[in-house]
Each structure stands twice: as C-alpha cells, then as structure tokens.
file structure_12.json (JSON, C-alpha atoms)
[["chain", "number", "residue", "atom", "x", "y", "z"],
["A", 25, "MET", "CA", -17.90, -15.45, 11.14],
["A", 26, "THR", "CA", -18.67, -12.37, 9.06],
["A", 27, "PRO", "CA", -16.59, -9.39, 10.22],
["A", 28, "LEU", "CA", -18.23, -6.12, 11.13],
["A", 29, "LEU", "CA", -17.59, -3.47, 8.47],
["A", 30, "ALA", "CA", -16.81, 0.07, 9.62],
["A", 31, "SER", "CA", -16.59, 2.71, 6.90],
["A", 32, "THR", "CA", -16.40, 5.88, 9.00],
["A", 33, "ARG", "CA", -14.43, 7.06, 12.02],
["A", 34, "SER", "CA", -17.58, 7.01, 14.15],
["A", 35, "ASP", "CA", -18.39, 3.45, 13.06],
["A", 36, "LEU", "CA", -14.86, 2.42, 13.96],
["A", 37, "ALA", "CA", -14.95, 4.12, 17.35],
["A", 38, "ALA", "CA", -18.23, 2.42, 18.26],
["A", 39, "ALA", "CA", -16.98, -1.00, 17.17],
["A", 40, "ARG", "CA", -13.54, -0.55, 18.77],
["A", 41, "ALA", "CA", -15.13, 0.10, 22.17],
["A", 42, "GLY", "CA", -16.43, -3.48, 22.23],
["A", 43, "LEU", "CA", -13.27, -5.29, 21.09],
["A", 44, "ALA", "CA", -11.52, -7.65, 23.46],
["A", 45, "ALA", "CA", -7.78, -7.22, 23.96],
["A", 46, "PRO", "CA", -5.31, -7.80, 22.56],
["A", 47, "VAL", "CA", -6.35, -5.96, 19.43],
["A", 48, "VAL", "CA", -4.15, -6.94, 16.49],
["A", 49, "LEU", "CA", -4.20, -4.75, 13.37],
["A", 50, "VAL", "CA", -3.31, -5.75, 9.81],
["A", 51, "PRO", "CA", -3.15, -2.61, 7.64],
["A", 52, "THR", "CA", -3.73, -3.29, 3.92],
["A", 53, "MET", "CA", -4.68, -1.55, 0.70],
["A", 54, "GLY", "CA", -7.08, -4.36, -0.17],
["A", 55, "ALA", "CA", -7.01, -6.67, -3.21],
["A", 56, "LEU", "CA", -6.14, -9.33, -0.65],
["A", 57, "HIS", "CA", -4.11, -12.35, -1.75],
["A", 58, "ASP", "CA", -2.35, -15.30, -0.12],
["A", 59, "GLY", "CA", 0.30, -13.00, 1.38],
["A", 60, "HIS", "CA", -2.36, -10.96, 3.14],
["A", 61, "ALA", "CA", -4.09, -14.15, 4.28],
["A", 62, "ALA", "CA", -0.83, -15.19, 5.96],
["A", 63, "LEU", "CA", -0.72, -11.84, 7.79],
["A", 64, "LEU", "CA", -4.30, -12.27, 8.94],
["A", 65, "ARG", "CA", -3.67, -15.83, 10.15],
["A", 66, "ARG", "CA", -0.62, -14.67, 12.11],
["A", 67, "ALA", "CA", -2.70, -11.86, 13.60],
["A", 68, "ARG", "CA", -5.31, -14.40, 14.67],
["A", 69, "GLU", "CA", -2.57, -16.44, 16.40],
["A", 70, "LEU", "CA", -1.22, -13.35, 18.17],
["A", 71, "ALA", "CA", -4.70, -12.30, 19.29],
["A", 72, "GLY", "CA", -5.32, -15.70, 20.82],
["A", 73, "PRO", "CA", -8.78, -17.13, 21.42],
["A", 74, "ALA", "CA", -9.95, -14.11, 23.39],
["A", 75, "GLY", "CA", -8.43, -11.23, 21.39],
["A", 76, "SER", "CA", -9.59, -9.34, 18.29],
["A", 77, "VAL", "CA", -8.18, -9.05, 14.77],
["A", 78, "VAL", "CA", -8.84, -5.84, 12.83],
["A", 79, "ALA", "CA", -7.98, -5.39, 9.15],
["A", 80, "SER", "CA", -7.91, -1.99, 7.50],
["A", 81, "ILE", "CA", -8.51, -1.58, 3.76],
["A", 82, "PHE", "CA", -7.55, 1.80, 2.35],
["A", 83, "VAL", "CA", -5.77, 2.73, -0.88],
["A", 84, "ASN", "CA", -3.64, 5.54, 0.46],
["A", 85, "PRO", "CA", -3.17, 8.40, -2.02],
["A", 86, "LEU", "CA", -0.23, 9.87, -0.07],
["A", 87, "GLN", "CA", 2.02, 6.99, -1.10],
["A", 88, "PHE", "CA", 1.37, 7.26, -4.83],
["A", 89, "GLY", "CA", 3.42, 9.66, -6.92],
["A", 90, "PRO", "CA", 2.48, 11.39, -10.19],
["A", 91, "GLY", "CA", 1.92, 8.86, -12.95],
["A", 92, "GLU", "CA", 1.69, 5.89, -10.56],
["A", 93, "ASP", "CA", -1.20, 3.45, -10.44],
["A", 94, "PHE", "CA", -3.51, 4.98, -7.80],
["A", 95, "ASP", "CA", -6.54, 5.10, -10.09],
["A", 96, "ARG", "CA", -6.12, 1.58, -11.45],
["A", 97, "TYR", "CA", -5.03, -0.05, -8.19],
["A", 98, "PRO", "CA", -7.40, -3.04, -7.73],
["A", 99, "ARG", "CA", -10.30, -2.51, -5.35],
["A", 100, "THR", "CA", -12.09, -5.76, -4.45],
["A", 101, "LEU", "CA", -13.92, -5.15, -1.18],
["A", 102, "ASP", "CA", -16.46, -7.99, -1.46],
["A", 103, "GLY", "CA", -13.74, -10.57, -2.02],
["A", 104, "ASP", "CA", -11.57, -8.99, 0.66],
["A", 105, "LEU", "CA", -14.34, -9.36, 3.23],
["A", 106, "LYS", "CA", -14.56, -13.08, 2.45],
["A", 107, "THR", "CA", -10.80, -13.44, 2.94],
["A", 108, "CYS", "CA", -11.05, -11.61, 6.26],
["A", 109, "ALA", "CA", -13.96, -13.78, 7.39],
["A", 110, "ALA", "CA", -12.03, -16.97, 6.62],
["A", 111, "ALA", "CA", -9.10, -15.73, 8.73],
["A", 112, "GLY", "CA", -11.16, -14.85, 11.79],
["A", 113, "VAL", "CA", -11.12, -11.06, 11.44],
["A", 114, "VAL", "CA", -13.77, -9.47, 13.64],
["A", 115, "LEU", "CA", -13.67, -5.90, 12.29],
["A", 116, "VAL", "CA", -12.75, -4.43, 8.89],
["A", 117, "PHE", "CA", -12.12, -0.70, 8.71],
["A", 118, "ALA", "CA", -12.62, 0.38, 5.10],
["A", 119, "PRO", "CA", -12.87, 4.17, 5.19],
["A", 120, "GLY", "CA", -13.30, 6.68, 2.43],
["A", 121, "HIS", "CA", -10.67, 9.29, 1.68],
["A", 122, "GLY", "CA", -12.40, 11.94, 3.78],
["A", 123, "ASP", "CA", -12.46, 9.74, 6.87],
["A", 124, "VAL", "CA", -8.70, 9.27, 6.78],
["A", 125, "TYR", "CA", -7.83, 12.76, 5.54],
["A", 126, "PRO", "CA", -10.62, 15.17, 6.55],
["A", 127, "ARG", "CA", -8.34, 17.90, 5.20],
["A", 128, "ALA", "CA", -5.05, 17.90, 3.32],
["A", 129, "PRO", "CA", -2.40, 17.05, 5.94],
["A", 130, "LEU", "CA", 0.10, 19.82, 6.59],
["A", 131, "VAL", "CA", 2.12, 17.67, 9.01],
["A", 132, "THR", "CA", 3.37, 14.27, 7.85],
["A", 133, "VAL", "CA", 5.92, 11.76, 9.13],
["A", 134, "ASP", "CA", 9.53, 12.25, 8.04],
["A", 135, "PRO", "CA", 10.96, 8.76, 7.37],
["A", 136, "GLY", "CA", 14.53, 9.89, 8.13],
["A", 137, "PRO", "CA", 17.72, 8.93, 6.28],
["A", 138, "ALA", "CA", 16.76, 5.29, 5.59],
["A", 139, "GLY", "CA", 13.59, 6.51, 3.91],
["A", 140, "GLN", "CA", 15.58, 8.38, 1.26],
["A", 141, "LEU", "CA", 17.29, 5.24, -0.06],
["A", 142, "LEU", "CA", 16.15, 2.52, -2.50],
["A", 143, "GLU", "CA", 12.35, 2.90, -2.65],
["A", 144, "GLY", "CA", 12.66, 6.39, -1.21],
["A", 145, "GLU", "CA", 14.98, 7.43, -4.02],
["A", 146, "PHE", "CA", 12.85, 6.03, -6.82],
["A", 147, "ARG", "CA", 9.51, 7.00, -5.27],
["A", 148, "PRO", "CA", 10.02, 10.38, -3.58],
["A", 149, "GLY", "CA", 7.53, 10.96, -0.79],
["A", 150, "PHE", "CA", 6.46, 7.31, -0.73],
["A", 151, "PHE", "CA", 7.60, 6.48, 2.78],
["A", 152, "GLY", "CA", 6.30, 9.74, 4.22],
["A", 153, "GLY", "CA", 2.90, 8.73, 2.85],
["A", 154, "VAL", "CA", 3.17, 5.19, 4.22],
["A", 155, "LEU", "CA", 4.27, 6.22, 7.70],
["A", 156, "THR", "CA", 1.67, 8.97, 7.91],
["A", 157, "VAL", "CA", -1.23, 6.64, 7.12],
["A", 158, "VAL", "CA", 0.11, 3.89, 9.39],
["A", 159, "LEU", "CA", 0.41, 6.36, 12.26],
["A", 160, "LYS", "CA", -3.16, 7.54, 11.64],
["A", 161, "LEU", "CA", -4.42, 3.95, 11.60],
["A", 162, "PHE", "CA", -2.60, 3.24, 14.85],
["A", 163, "GLN", "CA", -4.25, 6.29, 16.42],
["A", 164, "LEU", "CA", -7.71, 5.40, 15.14],
["A", 165, "VAL", "CA", -7.67, 1.63, 15.81],
["A", 166, "ARG", "CA", -5.43, 1.72, 18.92],
["A", 167, "PRO", "CA", -4.02, -1.80, 18.51],
["A", 168, "GLN", "CA", -1.60, -3.46, 20.89],
["A", 169, "ILE", "CA", 0.05, -5.33, 17.99],
["A", 170, "ALA", "CA", 0.32, -4.71, 14.24],
["A", 171, "VAL", "CA", 1.40, -7.22, 11.59],
["A", 172, "PHE", "CA", 3.29, -6.48, 8.37],
["A", 173, "GLY", "CA", 4.92, -8.53, 5.62],
["A", 174, "GLU", "CA", 8.64, -8.98, 5.13],
["A", 175, "LYS", "CA", 8.30, -8.56, 1.35],
["A", 176, "ASP", "CA", 8.25, -4.81, 2.03],
["A", 177, "ALA", "CA", 11.44, -5.00, 4.09],
["A", 178, "GLN", "CA", 12.33, -1.32, 3.97],
["A", 179, "GLN", "CA", 8.79, -0.30, 4.87],
["A", 180, "LEU", "CA", 8.79, -2.77, 7.76],
["A", 181, "ALA", "CA", 12.08, -1.40, 9.11],
["A", 182, "LEU", "CA", 10.80, 2.18, 8.96],
["A", 183, "ILE", "CA", 7.54, 1.28, 10.71],
["A", 184, "ARG", "CA", 9.51, -0.43, 13.48],
["A", 185, "GLN", "CA", 11.68, 2.68, 13.77],
["A", 186, "MET", "CA", 8.67, 4.99, 13.89],
["A", 187, "ALA", "CA", 6.96, 2.88, 16.55],
["A", 188, "ALA", "CA", 10.11, 2.95, 18.69],
["A", 189, "ASP", "CA", 11.10, 6.58, 18.14],
["A", 190, "LEU", "CA", 7.61, 7.97, 18.73],
["A", 191, "ASP", "CA", 6.80, 5.66, 21.68],
["A", 192, "LEU", "CA", 3.62, 4.44, 20.01],
["A", 193, "GLY", "CA", 3.19, 1.43, 22.28],
["A", 194, "VAL", "CA", 2.40, -0.86, 19.35],
["A", 195, "ARG", "CA", 4.34, -4.10, 18.98],
["A", 196, "ILE", "CA", 5.33, -4.70, 15.37],
["A", 197, "GLU", "CA", 5.29, -8.31, 14.18],
["A", 198, "SER", "CA", 6.27, -9.59, 10.73],
["A", 199, "VAL", "CA", 5.49, -12.53, 8.47],
["A", 200, "PRO", "CA", 7.90, -14.02, 5.90],
["A", 201, "THR", "CA", 7.26, -13.38, 2.22],
["A", 202, "VAL", "CA", 4.66, -15.67, 0.69],
["A", 203, "ARG", "CA", 5.47, -16.90, -2.82],
["A", 204, "ASP", "CA", 3.41, -18.42, -5.59],
["A", 205, "THR", "CA", 4.43, -21.79, -7.03],
["A", 206, "ASP", "CA", 6.57, -20.07, -9.68],
["A", 207, "GLY", "CA", 8.54, -18.22, -6.99],
["A", 208, "LEU", "CA", 7.03, -14.79, -7.56],
["A", 209, "ALA", "CA", 6.27, -12.96, -4.33],
["A", 210, "THR", "CA", 2.53, -12.51, -3.88],
["A", 211, "SER", "CA", 1.48, -8.94, -4.64],
["A", 212, "SER", "CA", -1.71, -7.16, -5.61],
["A", 213, "ARG", "CA", 0.19, -5.76, -8.59],
["A", 214, "ASN", "CA", 0.81, -9.26, -9.99],
["A", 215, "ALA", "CA", -2.73, -9.01, -11.38],
["A", 216, "TYR", "CA", -1.42, -6.47, -13.90],
["A", 217, "LEU", "CA", 0.99, -8.98, -15.48],
["A", 218, "SER", "CA", 0.23, -10.75, -18.74],
["A", 219, "ALA", "CA", 1.28, -14.40, -19.02],
["A", 220, "ALA", "CA", 4.42, -13.39, -20.93],
["A", 221, "GLU", "CA", 5.25, -10.66, -18.43],
["A", 222, "ARG", "CA", 4.83, -13.04, -15.53],
["A", 223, "THR", "CA", 7.33, -15.40, -17.14],
["A", 224, "ARG", "CA", 9.81, -12.54, -17.43],
["A", 225, "ALA", "CA", 9.13, -11.50, -13.83],
["A", 226, "ARG", "CA", 10.35, -14.87, -12.57],
["A", 227, "ALA", "CA", 13.87, -13.54, -13.05],
["A", 228, "ILE", "CA", 13.34, -11.47, -9.90],
["A", 229, "PRO", "CA", 13.02, -14.35, -7.40],
["A", 230, "ALA", "CA", 15.56, -16.34, -9.44],
["A", 231, "ALA", "CA", 18.14, -13.56, -9.05],
["A", 232, "LEU", "CA", 17.47, -13.35, -5.30],
["A", 233, "ALA", "CA", 17.82, -17.12, -4.94],
["A", 234, "ALA", "CA", 21.12, -17.06, -6.82],
["A", 235, "GLY", "CA", 22.37, -14.31, -4.53],
["A", 236, "ARG", "CA", 21.28, -16.20, -1.44],
["A", 237, "ASP", "CA", 23.06, -19.35, -2.63],
["A", 238, "ALA", "CA", 26.28, -17.37, -3.11],
["A", 239, "ALA", "CA", 26.26, -15.87, 0.39],
["A", 240, "GLY", "CA", 28.94, -18.26, 1.61],
["A", 241, "ASP", "CA", 31.42, -16.54, -0.70],
["A", 242, "GLY", "CA", 30.77, -13.06, 0.65],
["A", 243, "PRO", "CA", 28.80, -9.93, -0.23],
["A", 244, "GLY", "CA", 30.50, -9.33, -3.58],
["A", 245, "SER", "CA", 29.60, -12.80, -4.80],
["A", 246, "VAL", "CA", 25.97, -12.30, -3.80],
["A", 247, "LEU", "CA", 25.54, -9.27, -6.03],
["A", 248, "ALA", "CA", 27.49, -10.84, -8.89],
["A", 249, "ALA", "CA", 25.39, -14.00, -8.83],
["A", 250, "ALA", "CA", 22.14, -12.05, -8.79],
["A", 251, "ARG", "CA", 23.26, -9.80, -11.65],
["A", 252, "ARG", "CA", 24.20, -12.81, -13.78],
["A", 253, "VAL", "CA", 20.61, -14.05, -13.60],
["A", 254, "LEU", "CA", 19.27, -10.65, -14.60],
["A", 255, "ASP", "CA", 21.80, -10.42, -17.44],
["A", 256, "LEU", "CA", 20.56, -13.75, -18.80],
["A", 257, "GLY", "CA", 17.12, -12.19, -19.13],
["A", 258, "ALA", "CA", 18.63, -9.26, -21.02],
["A", 259, "SER", "CA", 20.29, -11.64, -23.49],
["A", 260, "ASP", "CA", 16.84, -12.99, -24.36],
["A", 261, "GLY", "CA", 15.89, -9.60, -25.74],
["A", 262, "GLN", "CA", 13.15, -8.86, -23.18],
["A", 263, "PRO", "CA", 14.99, -7.67, -20.07],
["A", 264, "LEU", "CA", 13.50, -6.32, -16.91],
["A", 265, "THR", "CA", 14.05, -2.65, -16.25],
["A", 266, "VAL", "CA", 15.91, -2.76, -12.93],
["A", 267, "ASP", "CA", 15.61, 0.27, -10.66],
["A", 268, "TYR", "CA", 18.00, -1.18, -8.12],
["A", 269, "LEU", "CA", 19.67, -4.38, -7.01],
["A", 270, "SER", "CA", 21.31, -3.68, -3.66],
["A", 271, "LEU", "CA", 22.78, -5.55, -0.73],
["A", 272, "VAL", "CA", 22.03, -3.42, 2.32],
["A", 273, "HIS", "CA", 22.02, -3.35, 6.10],
["A", 274, "PRO", "CA", 18.55, -4.38, 7.38],
["A", 275, "ASP", "CA", 18.20, -1.34, 9.66],
["A", 276, "THR", "CA", 19.80, 1.54, 7.76],
["A", 277, "PHE", "CA", 19.42, 0.25, 4.17],
["A", 278, "VAL", "CA", 22.89, 1.59, 3.44],
["A", 279, "PRO", "CA", 24.85, -0.73, 1.09],
["A", 280, "VAL", "CA", 27.12, -3.10, 2.99],
["A", 281, "SER", "CA", 30.84, -3.38, 2.32],
["A", 282, "GLY", "CA", 32.62, -6.37, 0.83],
["A", 283, "GLU", "CA", 33.86, -7.23, 4.35],
["A", 284, "HIS", "CA", 30.43, -7.04, 5.96],
["A", 285, "ALA", "CA", 29.60, -9.61, 8.63],
["A", 286, "GLY", "CA", 26.13, -10.10, 10.05],
["A", 287, "PRO", "CA", 22.62, -9.71, 8.62],
["A", 288, "ALA", "CA", 21.87, -8.08, 5.28],
["A", 289, "VAL", "CA", 19.01, -7.72, 2.81],
["A", 290, "LEU", "CA", 19.35, -8.33, -0.91],
["A", 291, "ALA", "CA", 16.66, -6.07, -2.38],
["A", 292, "ILE", "CA", 15.45, -5.55, -5.92],
["A", 293, "ALA", "CA", 12.93, -3.34, -7.69],
["A", 294, "ALA", "CA", 12.23, -3.91, -11.38],
["A", 295, "ARG", "CA", 9.63, -3.06, -13.99],
["A", 296, "VAL", "CA", 8.00, -5.64, -16.21],
["A", 297, "GLY", "CA", 6.05, -3.78, -18.83],
["A", 298, "ARG", "CA", 4.08, -1.14, -16.91],
["A", 299, "THR", "CA", 4.22, -3.08, -13.63],
["A", 300, "ARG", "CA", 6.79, -2.33, -10.96],
["A", 301, "LEU", "CA", 7.62, -5.18, -8.55],
["A", 302, "ILE", "CA", 9.78, -5.32, -5.44],
["A", 303, "ASP", "CA", 11.22, -8.31, -3.62],
["A", 304, "ASN", "CA", 14.02, -9.17, -1.22],
["A", 305, "VAL", "CA", 15.75, -11.99, 0.58],
["A", 306, "GLN", "CA", 17.37, -11.86, 4.01],
["A", 307, "LEU", "CA", 20.95, -13.08, 4.32],
["A", 308, "ALA", "CA", 23.57, -13.50, 7.01],
["A", 309, "PHE", "CA", 27.34, -13.39, 6.63],
["A", 310, "GLY", "CA", 29.77, -15.03, 9.02],
["A", 311, "GLY", "CA", 31.22, -13.26, 12.03],
["A", 312, "ALA", "CA", 29.86, -10.50, 14.20],
["A", 313, "ASP", "CA", 28.33, -7.36, 12.73]]

call {"tool": "encode", "arguments": {"input": "structure_12.json", "output": "structure tokens"}}
result
Amino acid sequence: MTPLLASTRSDLAAARAGLAAPVVLVPTMGALHDGHAALLRRARELAGPAGSVVASIFVNPLQFGPGEDFDRYPRTLDGDLKTCAAAGVVLVFAPGHGDVYPRAPLVTVDPGPAGQLLEGEFRPGFFGGVLTVVLKLFQLVRPQIAVFGEKDAQQLALIRQMAADLDLGVRIESVPTVRDTDGLATSSRNAYLSAAERTRARAIPAALAAGRDAAGDGPGSVLAAARRVLDLGASDGQPLTVDYLSLVHPDTFVPVSGEHAGPAVLAIAARVGRTRLIDNVQLAFGGAD
C-alpha cells in the first residue's frame, strides 16, 4: 500500500481526520535504514489491524549546531516512501521548514538537568531542539503512541520525561538498537564513512561489548574493559576521537558510582574522520538500585 504524503499542515490535518485509532507515530529525519524499518514494523504491531501508522520525515534545524552536518544530511524521500510502504505506513508527513516553524520559535522546551550531560554537553542546544520538534509533531499528528529507538538512549529518556511531565497523553514505546553484520549500529550518518573509516568505527560496538561482558565484575571493570578496546585502536595509529565514554544511570544520565546496583547505560560518542557516531548498551548490576 502506498502511503498518503502530506507536505503541509493543512494536508496533514485533512488526512489525520480520517485515520483510525490508535494512531502510532514514528518521528524521523529521513534517510531511512534498517533501524527505522524496525521502528515502523513495531509501530504497525502496536497499531494493530485496525489502527494507523504515521511516519514524519523532517530534518530539524533546531538540533544542529554551528558547523554540524545540517546541509549535507542525507535526504532520500523517494526511497523513504518505499520503506514506509513496505512497513504498512498509511501517512507520511514530510513538511517543509515553514510548515514546522512558521516563525522563529521564541519558546522552546528546556530538557532539564539530564539534557545538559553527555550529548547535551558536546552539542549545546541539541536536546532543546529535539524536544521542541517532537512536541510540535505530537501536537500536529496527535498520536496515541510514538515509537523511538534505543540507540538514542538519552534522547529516549528525555522524551519519556517530557511526555510525563507535560501530561502529553502519548505513550512512548522503544525498539532495541538494530546493528549491521559488522556490529555497527544502523545510522543515517554511516553513509558518510569510507570503507577504512567503517573498519575503524567497529571499535565502538566492540568497546561496548567488552564493557557488557565485564559487568559481572562491577561498574569499574565495565569502563576499564571498554577503554582497553579503544586504546587498542589508538595503538594502531588511527584512533577514534572519543567525546565521552560514560557509565550512567538510565534516567538521570549522571555517572554511576563503583558500588552502583541496578540498571545502567554504557554510552559512547566518537568521531571517525568527519563523522560523529553514538552508541550505547544497557546493563544491569546485582542488587537493588
């Protein structure tokens, strides 16, 4: 089934009026890959045979800082529509900038303390931009459910917090990280990598796997094991540039202590050439948190 394409607010409003509930939204920036396809399939499951899946495709300028890749971010609408059709999406909202931001927004969403850490520290303003556009999409599409990927763990946690704190009435569902056969988490930015850079980037999932395997020995061992893998890459003369490697609480994203018990997230952000990649793995330590 070919999804209906809405490119303006009025198109969306007209199409939304005819959608059967539950309406399940998958917000994306396009350049859809296997990770997005998994989100769309999960949305189709959540919608059930009678409900409706909506995908949004919008490269959001508010979440790009100076010198980041807004202009070169891949835009592949024709291919994206085919991916949406294969997953049973009934409506694609692919607006222009003016339909999302009719004027420069003077009021945006404050991501709170957790939004100042990790990605928030290295990309100031990023989470304010993400939460603002997600809130606008929720208001425009009016879904009952929205689906996000666990690869963006900090973003997912902040969206859950926003939905709860602002009483948005949208249930937030998540899908585990999808990985390519070489272990690299699927990402639209992987298209930027040369063959040699992709080989170097494999150190990211390898470091996370080493940390996960060391979880039985406690938080300190997790970080040490992950760092050893990254140090091996440095000894080869072509290291990754690591922005952070942190073991954090999954709600606050504050680093956990060496005595931490309960869930945690081992998160990494690193640059390979000009391409910045993020990834994470979820862990659990013995005892009660």

call {"tool": "residues_around", "arguments": {"input": "structure_12.json", "residues": "Met186 in chain A", "least_positions_apart": "5", "cutoff": "8 Å", "atoms": "all atoms listed in the file", "output": "PDB file with C-alpha atoms, keeping the file's coordinate frame"}}
result
ATOM      1  CA  PRO A 135      10.960   8.760   7.370  1.00  0.00           C
ATOM      2  CA  LEU A 155       4.270   6.220   7.700  1.00  0.00           C
ATOM      3  CA  LEU A 192       3.620   4.440  20.010  1.00  0.00           C
TER       4      LEU A 192
END

call {"tool": "closest_residue", "arguments": {"input": "structure_12.json", "among": "A:Asp104, A:Glu283, A:Glu197, A:Asp204", "to": "Leu70 in chain A", "atoms": "only C-alpha atoms"}}
result
A:Glu197

call {"tool": "atom_distance", "arguments": {"input": "structure_12.json", "atom1": "CA of Pro119 in chain A", "atom2": "CA of Thr107 in chain A"}}
result
17.9 Å

call {"tool": "closest_residue", "arguments": {"input": "structure_12.json", "among": "A:Ala67, A:Gly235, A:Phe146, A:Ser270", "to": "Gly89 in chain A", "atoms": "only C-alpha atoms"}}
result
A:Phe146

call {"tool": "atom_distance", "arguments": {"input": "structure_12.json", "atom1": "CA of Met25 in chain A", "atom2": "CA of Thr201 in chain A"}}
result
26.8 Å

call {"tool": "closest_residue", "arguments": {"input": "structure_12.json", "among": "A:Leu269, A:Val305, A:Val133, A:Ala79", "to": "Lys175 in chain A", "atoms": "only C-alpha atoms"}}
result
A:Val305

call {"tool": "residues_near_point", "arguments": {"input": "structure_12.json", "point": "(-16.3, -4.2, -4.0)", "cutoff": "12 Å", "atoms": "all atoms listed in the file", "output": "NGL selection string"}}
result
:A and (54-56 or 81 or 98-106 or 118)
